[in-house]
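What follows is the content of run_8.pdb (PDB, C-alpha atoms).
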MODEL        1
ATOM      1  CA  MET A   1     -51.923   7.327  12.334
ATOM      2  CA  SER A   2     -49.801  10.382  12.289
ATOM      3  CA  SER A   3     -46.166  10.281  13.090
ATOM      4  CA  ASN A   4     -44.768  12.836  15.457
ATOM      5  CA  ASN A   5     -41.446  13.713  13.864
ATOM      6  CA  ASP A   6     -41.387  17.185  15.361
ATOM      7  CA  ASN A   7     -39.944  15.867  18.635
ATOM      8  CA  ALA A   8     -37.495  13.444  17.029
ATOM      9  CA  ILE A   9     -33.888  14.478  17.232
ATOM     10  CA  GLY A  10     -31.764  13.721  14.228
ATOM     11  CA  VAL A  11     -28.005  13.598  14.133
ATOM     12  CA  ALA A  12     -27.904  16.944  12.322
ATOM     13  CA  ASP A  13     -30.022  18.553  15.062
ATOM     14  CA  VAL A  14     -27.585  17.750  17.871
ATOM     15  CA  GLU A  15     -25.143  20.557  18.481
ATOM     16  CA  ALA A  16     -21.821  20.337  20.209
ATOM     17  CA  PRO A  17     -21.793  21.986  23.631
ATOM     18  CA  GLN A  18     -21.006  25.656  23.309
ATOM     19  CA  PHE A  19     -19.054  27.690  25.827
ATOM     20  CA  GLU A  20     -19.859  31.292  26.329
ATOM     21  CA  GLN A  21     -17.000  33.677  25.756
ATOM     22  CA  ASN A  22     -17.052  34.543  29.423
ATOM     23  CA  PRO A  23     -13.624  34.843  31.080
ATOM     24  CA  ALA A  24     -15.109  33.775  34.401
ATOM     25  CA  GLN A  25     -16.239  30.467  32.888
ATOM     26  CA  LEU A  26     -12.733  29.378  31.934
ATOM     27  CA  LYS A  27      -9.958  29.559  34.451
ATOM     28  CA  ARG A  28      -7.223  31.490  32.724
ATOM     29  CA  MET A  29      -3.797  29.897  32.890
ATOM     30  CA  ASP A  30      -0.745  32.091  33.199
ATOM     31  CA  THR A  31       2.389  31.639  31.102
ATOM     32  CA  ALA A  32       4.460  30.079  33.900
ATOM     33  CA  LYS A  33       1.896  27.322  34.452
ATOM     34  CA  LEU A  34       1.676  26.663  30.714
ATOM     35  CA  GLN A  35       5.464  26.349  30.579
ATOM     36  CA  GLN A  36       5.293  23.835  33.437
ATOM     37  CA  VAL A  37       2.672  21.849  31.528
ATOM     38  CA  GLU A  38       4.949  21.938  28.458
ATOM     39  CA  LYS A  39       7.840  20.603  30.552
ATOM     40  CA  ASN A  40       5.610  17.858  31.976
ATOM     41  CA  VAL A  41       4.476  16.831  28.480
ATOM     42  CA  LYS A  42       8.066  16.712  27.175
ATOM     43  CA  PHE A  43       9.124  14.756  30.266
ATOM     44  CA  GLY A  44       6.217  12.346  29.806
ATOM     45  CA  ILE A  45       7.058  11.750  26.148
ATOM     46  CA  LEU A  46      10.700  11.079  27.023
ATOM     47  CA  LYS A  47       9.560   8.740  29.778
ATOM     48  CA  SER A  48       7.295   6.888  27.354
ATOM     49  CA  LEU A  49      10.280   6.325  25.054
ATOM     50  CA  LEU A  50      11.453   3.731  27.569
ATOM     51  CA  GLY A  51       8.524   1.692  26.322
ATOM     52  CA  LEU A  52      10.249   1.482  22.935
ATOM     53  CA  VAL A  53      12.970  -0.605  24.577
ATOM     54  CA  ASN A  54      10.345  -3.098  25.728
ATOM     55  CA  ILE A  55       8.648  -3.094  22.308
ATOM     56  CA  THR A  56      11.965  -3.781  20.569
ATOM     57  CA  CYS A  57      12.856  -6.617  22.959
ATOM     58  CA  ASN A  58       9.444  -8.246  22.408
ATOM     59  CA  ALA A  59       9.953  -8.023  18.640
ATOM     60  CA  LEU A  60      13.375  -9.655  18.978
ATOM     61  CA  ALA A  61      11.964 -12.413  21.165
ATOM     62  CA  ALA A  62       9.140 -13.067  18.703
ATOM     63  CA  PHE A  63      11.190 -13.161  15.513
ATOM     64  CA  LEU A  64      14.777 -14.025  16.476
ATOM     65  CA  TYR A  65      14.339 -17.797  16.788
ATOM     66  CA  PRO A  66      11.785 -18.917  14.167
ATOM     67  CA  GLU A  67      13.231 -22.433  14.026
ATOM     68  CA  ASN A  68      12.547 -22.935  17.730
ATOM     69  CA  ALA A  69       9.021 -21.493  17.610
ATOM     70  CA  GLU A  70       7.299 -24.369  15.823
ATOM     71  CA  ALA A  71       9.070 -27.092  17.802
ATOM     72  CA  CYS A  72       8.340 -25.411  21.115
ATOM     73  CA  GLU A  73       4.711 -24.743  20.242
ATOM     74  CA  ALA A  74       4.206 -28.375  19.188
ATOM     75  CA  ARG A  75       5.650 -29.652  22.490
ATOM     76  CA  SER A  76       3.806 -27.236  24.782
ATOM     77  CA  GLY A  77       0.386 -27.461  23.112
ATOM     78  CA  THR A  78      -0.417 -23.847  24.042
ATOM     79  CA  ILE A  79      -0.576 -20.587  22.120
ATOM     80  CA  GLY A  80       3.187 -20.472  21.733
ATOM     81  CA  TRP A  81       5.820 -17.997  22.772
ATOM     82  CA  GLN A  82       6.001 -16.299  19.400
ATOM     83  CA  THR A  83       2.305 -15.390  19.597
ATOM     84  CA  PHE A  84       2.747 -14.253  23.187
ATOM     85  CA  PHE A  85       5.651 -11.900  22.402
ATOM     86  CA  LEU A  86       3.944 -10.596  19.257
ATOM     87  CA  ALA A  87       0.763  -9.707  21.178
ATOM     88  CA  GLN A  88       2.838  -8.111  23.924
ATOM     89  CA  MET A  89       4.699  -6.034  21.322
ATOM     90  CA  ILE A  90       1.433  -4.832  19.718
ATOM     91  CA  THR A  91       0.024  -3.943  23.140
ATOM     92  CA  GLY A  92       3.174  -1.948  23.869
ATOM     93  CA  ILE A  93       2.839  -0.021  20.601
ATOM     94  CA  VAL A  94      -0.812   0.809  21.295
ATOM     95  CA  LEU A  95      -0.046   1.961  24.851
ATOM     96  CA  PHE A  96       2.907   4.039  23.610
ATOM     97  CA  CYS A  97       0.684   5.845  21.084
ATOM     98  CA  LEU A  98      -2.161   6.384  23.551
ATOM     99  CA  THR A  99       0.218   7.763  26.176
ATOM    100  CA  ASN A 100       1.585  10.335  23.767
ATOM    101  CA  VAL A 101      -1.900  11.293  22.527
ATOM    102  CA  THR A 102      -3.036  11.866  26.105
ATOM    103  CA  LEU A 103       0.041  13.946  26.915
ATOM    104  CA  LEU A 104      -0.401  16.130  23.849
ATOM    105  CA  ALA A 105      -4.120  16.502  24.613
ATOM    106  CA  SER A 106      -3.275  17.787  28.089
ATOM    107  CA  TYR A 107      -1.020  20.387  26.489
ATOM    108  CA  THR A 108      -3.796  21.379  24.053
ATOM    109  CA  THR A 109      -6.187  21.823  26.967
ATOM    110  CA  ALA A 110      -3.691  23.919  28.923
ATOM    111  CA  LYS A 111      -2.963  26.075  25.889
ATOM    112  CA  GLY A 112      -6.693  26.590  25.362
ATOM    113  CA  LEU A 113      -7.060  27.686  28.984
ATOM    114  CA  LYS A 114      -4.226  30.181  28.578
ATOM    115  CA  GLU A 115      -5.687  31.681  25.429
ATOM    116  CA  ASP A 116      -9.334  31.601  26.613
ATOM    117  CA  ASN A 117     -10.139  29.326  23.681
ATOM    118  CA  PRO A 118     -13.102  27.155  24.692
ATOM    119  CA  ALA A 119     -13.019  25.102  21.483
ATOM    120  CA  GLN A 120      -9.397  24.135  22.133
ATOM    121  CA  VAL A 121     -10.224  23.241  25.735
ATOM    122  CA  ALA A 122     -13.103  21.027  24.594
ATOM    123  CA  GLN A 123     -10.975  19.395  21.894
ATOM    124  CA  GLY A 124      -8.138  18.665  24.325
ATOM    125  CA  GLY A 125     -10.529  17.391  26.976
ATOM    126  CA  SER A 126     -12.205  15.016  24.526
ATOM    127  CA  ALA A 127      -8.872  13.678  23.321
ATOM    128  CA  MET A 128      -7.691  13.179  26.919
ATOM    129  CA  MET A 129     -10.876  11.283  27.715
ATOM    130  CA  LEU A 130     -10.546   8.985  24.698
ATOM    131  CA  GLY A 131      -6.825   8.444  25.307
ATOM    132  CA  GLY A 132      -7.416   7.715  28.987
ATOM    133  CA  CYS A 133     -10.181   5.203  28.257
ATOM    134  CA  GLY A 134      -8.017   3.507  25.650
ATOM    135  CA  MET A 135      -5.066   3.355  28.039
ATOM    136  CA  CYS A 136      -7.258   1.844  30.744
ATOM    137  CA  CYS A 137      -8.382  -0.939  28.386
ATOM    138  CA  GLY A 138      -4.815  -1.449  27.158
ATOM    139  CA  VAL A 139      -3.405  -1.697  30.668
ATOM    140  CA  LEU A 140      -6.097  -4.201  31.668
ATOM    141  CA  PHE A 141      -5.242  -6.306  28.618
ATOM    142  CA  ALA A 142      -1.499  -6.039  29.349
ATOM    143  CA  PHE A 143      -2.079  -7.147  32.946
ATOM    144  CA  SER A 144      -4.176 -10.133  31.906
ATOM    145  CA  TRP A 145      -1.648 -10.967  29.178
ATOM    146  CA  SER A 146       1.072 -11.012  31.838
ATOM    147  CA  ILE A 147      -0.937 -13.683  33.645
ATOM    148  CA  VAL A 148      -1.061 -15.625  30.367
ATOM    149  CA  GLY A 149       2.745 -15.316  30.256
ATOM    150  CA  ILE A 150       3.086 -16.760  33.761
ATOM    151  CA  VAL A 151       0.829 -19.696  32.872
ATOM    152  CA  LEU A 152       2.709 -20.209  29.602
ATOM    153  CA  TYR A 153       6.044 -20.159  31.441
ATOM    154  CA  PHE A 154       5.012 -22.898  33.858
ATOM    155  CA  ASN A 155       3.230 -25.021  31.207
ATOM    156  CA  THR A 156       6.132 -24.959  28.733
ATOM    157  CA  PRO A 157       8.394 -28.010  28.938
ATOM    158  CA  ASP A 158      12.089 -27.508  29.653
ATOM    159  CA  THR A 159      13.376 -28.520  26.251
ATOM    160  CA  ILE A 160      16.229 -26.897  24.365
ATOM    161  CA  GLU A 161      13.767 -25.314  21.892
ATOM    162  CA  CYS A 162      11.606 -23.778  24.618
ATOM    163  CA  HIS A 163      14.367 -22.790  27.011
ATOM    164  CA  VAL A 164      15.377 -19.728  24.980
ATOM    165  CA  TYR A 165      11.815 -18.329  25.132
ATOM    166  CA  LYS A 166      11.591 -18.883  28.863
ATOM    167  CA  GLN A 167      14.877 -16.983  29.262
ATOM    168  CA  TRP A 168      13.554 -14.113  27.134
ATOM    169  CA  TRP A 169      10.392 -13.967  29.258
ATOM    170  CA  ILE A 170      12.369 -13.804  32.520
ATOM    171  CA  GLY A 171      14.723 -11.223  30.990
ATOM    172  CA  LEU A 172      11.846  -9.035  29.843
ATOM    173  CA  MET A 173      10.135  -9.241  33.225
ATOM    174  CA  ILE A 174      13.354  -8.142  34.948
ATOM    175  CA  ALA A 175      14.039  -5.433  32.336
ATOM    176  CA  GLY A 176      10.495  -4.091  32.680
ATOM    177  CA  PHE A 177      10.877  -3.913  36.445
ATOM    178  CA  ILE A 178      14.247  -2.135  36.157
ATOM    179  CA  LEU A 179      12.900   0.340  33.590
ATOM    180  CA  GLN A 180       9.982   1.158  35.877
ATOM    181  CA  CYS A 181      12.380   1.729  38.771
ATOM    182  CA  LEU A 182      14.651   3.953  36.668
ATOM    183  CA  SER A 183      11.754   5.951  35.303
ATOM    184  CA  PRO A 184      10.691   8.660  37.760
ATOM    185  CA  ALA A 185       7.131   8.202  38.919
ATOM    186  CA  GLY A 186       6.058  11.764  38.218
ATOM    187  CA  SER A 187       7.327  14.959  36.810
ATOM    188  CA  ARG A 188       9.182  17.494  38.835
ATOM    189  CA  ASN A 189       7.506  20.728  39.708
ATOM    190  CA  ASP A 190      10.117  23.440  39.663
ATOM    191  CA  ASN A 191       7.646  26.174  40.570
ATOM    192  CA  LYS A 192       8.037  27.142  44.197
ATOM    193  CA  GLU A 193       4.930  29.073  45.136
TER     194      GLU A 193
ENDMDL
END
Go ahead and express the file in the form of structure tokens.
Amino acid sequence: MSSNNDNAIGVADVEAPQFEQNPAQLKRMDTAKLQQVEKNVKFGILKSLLGLVNITCNALAAFLYPENAEACEARSGTIGWQTFFLAQMITGIVLFCLTNVTLLASYTTAKGLKEDNPAQVAQGGSAMMLGGCGMCCGVLFAFSWSIVGIVLYFNTPDTIECHVYKQWWIGLMIAGFILQCLSPAGSRNDNKE
């Protein structure tokens, strides 16, 4: 029995896709469009800073009342508010980081298009893809975790220990809604063509 290793592809044999140095292959980006992309990235990073407010509030809610946490968790028999706010805070941190990675990757891609640098375009595109996939998973988790929060709210008894956590949850829901309303949906395009 002879083994046919000539057709086997090893990890070392696989090459990254190569772009030809052909200007027609890459759409060249002019300086004005790159400046607009830079403005959009800066605007997006500033917009994502609003998420830090939510992260901070979740940290406060999780750690501000440790004496109430155990009593409330024992009475409700569920995961507990401290765990809920802690997981929500970690999700917010992950989404904040992924948002900024994706924004910076879009800038890297645009800069690569301007300079006809195919390696930079590929690097930026890969980072945008990974950041976008991560954000999609994070948003799905955040949405499902919000449903857990609703169930936790209605299953928590109205005791003095648990009341403070229910107030924090309502406050964070309202604050999140207000922050989304205050945050512009998209970036402005000042180029009038």
Near-A:Thr83 list (10 Å; only C-alpha atoms; drop same-chain fewer than 6 positions) as a compact mmCIF listing (two decimals) with C-alpha atoms, in the coordinates of the input:
# COMPACT_ATOMS: atom_id res chain seq x y z
CA ALA A 62 9.14 -13.07 18.70
CA ALA A 69 9.02 -21.49 17.61
CA GLU A 73 4.71 -24.74 20.24
CA MET A 89 4.70 -6.03 21.32
Exercise for the section: Name the closest residue to A:Ala122 among the candidates A:Ala74, A:Ala105, A:Met135, A:Cys181; distances are taken between atoms, counting all atoms listed in the file. Expected result: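 Closest candidate: A:Ala105.
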Practice task
Would you please work out which residue, of A:Ile93, A:Cys162, A:Met173, A:Leu34, is nearest to A:Leu49 when using only C-alpha atoms?
Solution key: A:Ile93
Practice task
Can you work out the spacing between atom CA of A:Glu161 and atom CA of A:Ile79 in Å, to one decimal?
Solution key: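 The value is 15.1 Å.
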Exercise for the section: List every protein, DNA or RNA residue that has an atom no more than 12 Å from (-5.6, 28.4, 26.8) in the file's coordinate frame, counting only C-alpha atoms, and report them as a PyMOL selection string. Expected result: chain A and resi 23+26-31+33-35+37+106-124
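Here atom CA of A:Ile147 is placed at a distance of 27.3 Å from atom CA of A:Gly44.
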Exercise for the section: Give the answer as one residue: which of A:Leu103, A:Ala127, A:Val148, A:Val164 has the shortest atom-to-atom distance to A:Leu60, using only C-alpha atoms? Expected result: A:Val164
Shell of 7 Å around stretch 97-101 of chain A, all atoms listed in the file, local chain residues under 5 positions omitted, as a PDB file with C-alpha atoms, in the coordinates of the input:
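around-v9.pdb, freshly written:
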ATOM      1  CA  ILE A  45       7.058  11.750  26.148  1.00  0.00           C
ATOM      2  CA  GLY A 131      -6.825   8.444  25.307  1.00  0.00           C
ATOM      3  CA  GLY A 134      -8.017   3.507  25.650  1.00  0.00           C
ATOM      4  CA  MET A 135      -5.066   3.355  28.039  1.00  0.00           C
TER       5      MET A 135
END
Handout entry: Output check: residues returned by the PyMOL selection byres ((chain A and resi 165) around 10), as a ChimeraX atom specification
Key = /A:61-62,65,68-69,72,80-82,85,153,156,160-164,166-171
Fill in the blank from the handout: Nearest to A:Val53, restricted to all atoms listed in the file and choosing among A:Gly92, A:Leu130, A:Leu104, A:Phe143, comes out as A:Gly92
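As for atom CA of A:Phe96 and atom CA of A:Leu52, they are spaced 7.8 Å apart.
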Could you give me the centre and size, in Å to one decimal, of an axis-aligned box around all listed atoms of stretch 40-46 of chain A with 5 Å added on every side, as AutoDock Vina command-line options?
--center_x 7.6 --center_y 14.5 --center_z 29.1 --size_x 16.2 --size_y 16.8 --size_z 15.8
Exercise for the section: Choose the residue, out of A:Val139, A:Gly176, A:Ala87, A:Thr78, that has the smallest atom-to-atom separation from A:Asn155; count all atoms listed in the file. Expected result: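 Of A:Val139, A:Gly176, A:Ala87, A:Thr78, the one nearest A:Asn155, counting all atoms listed in the file, is A:Thr78.
When only C-alpha atoms are used to measure the gap to A:Trp145, the shortest distance among A:Leu64, A:Leu50, A:Leu86, A:Ala71 belongs to A:Leu86.
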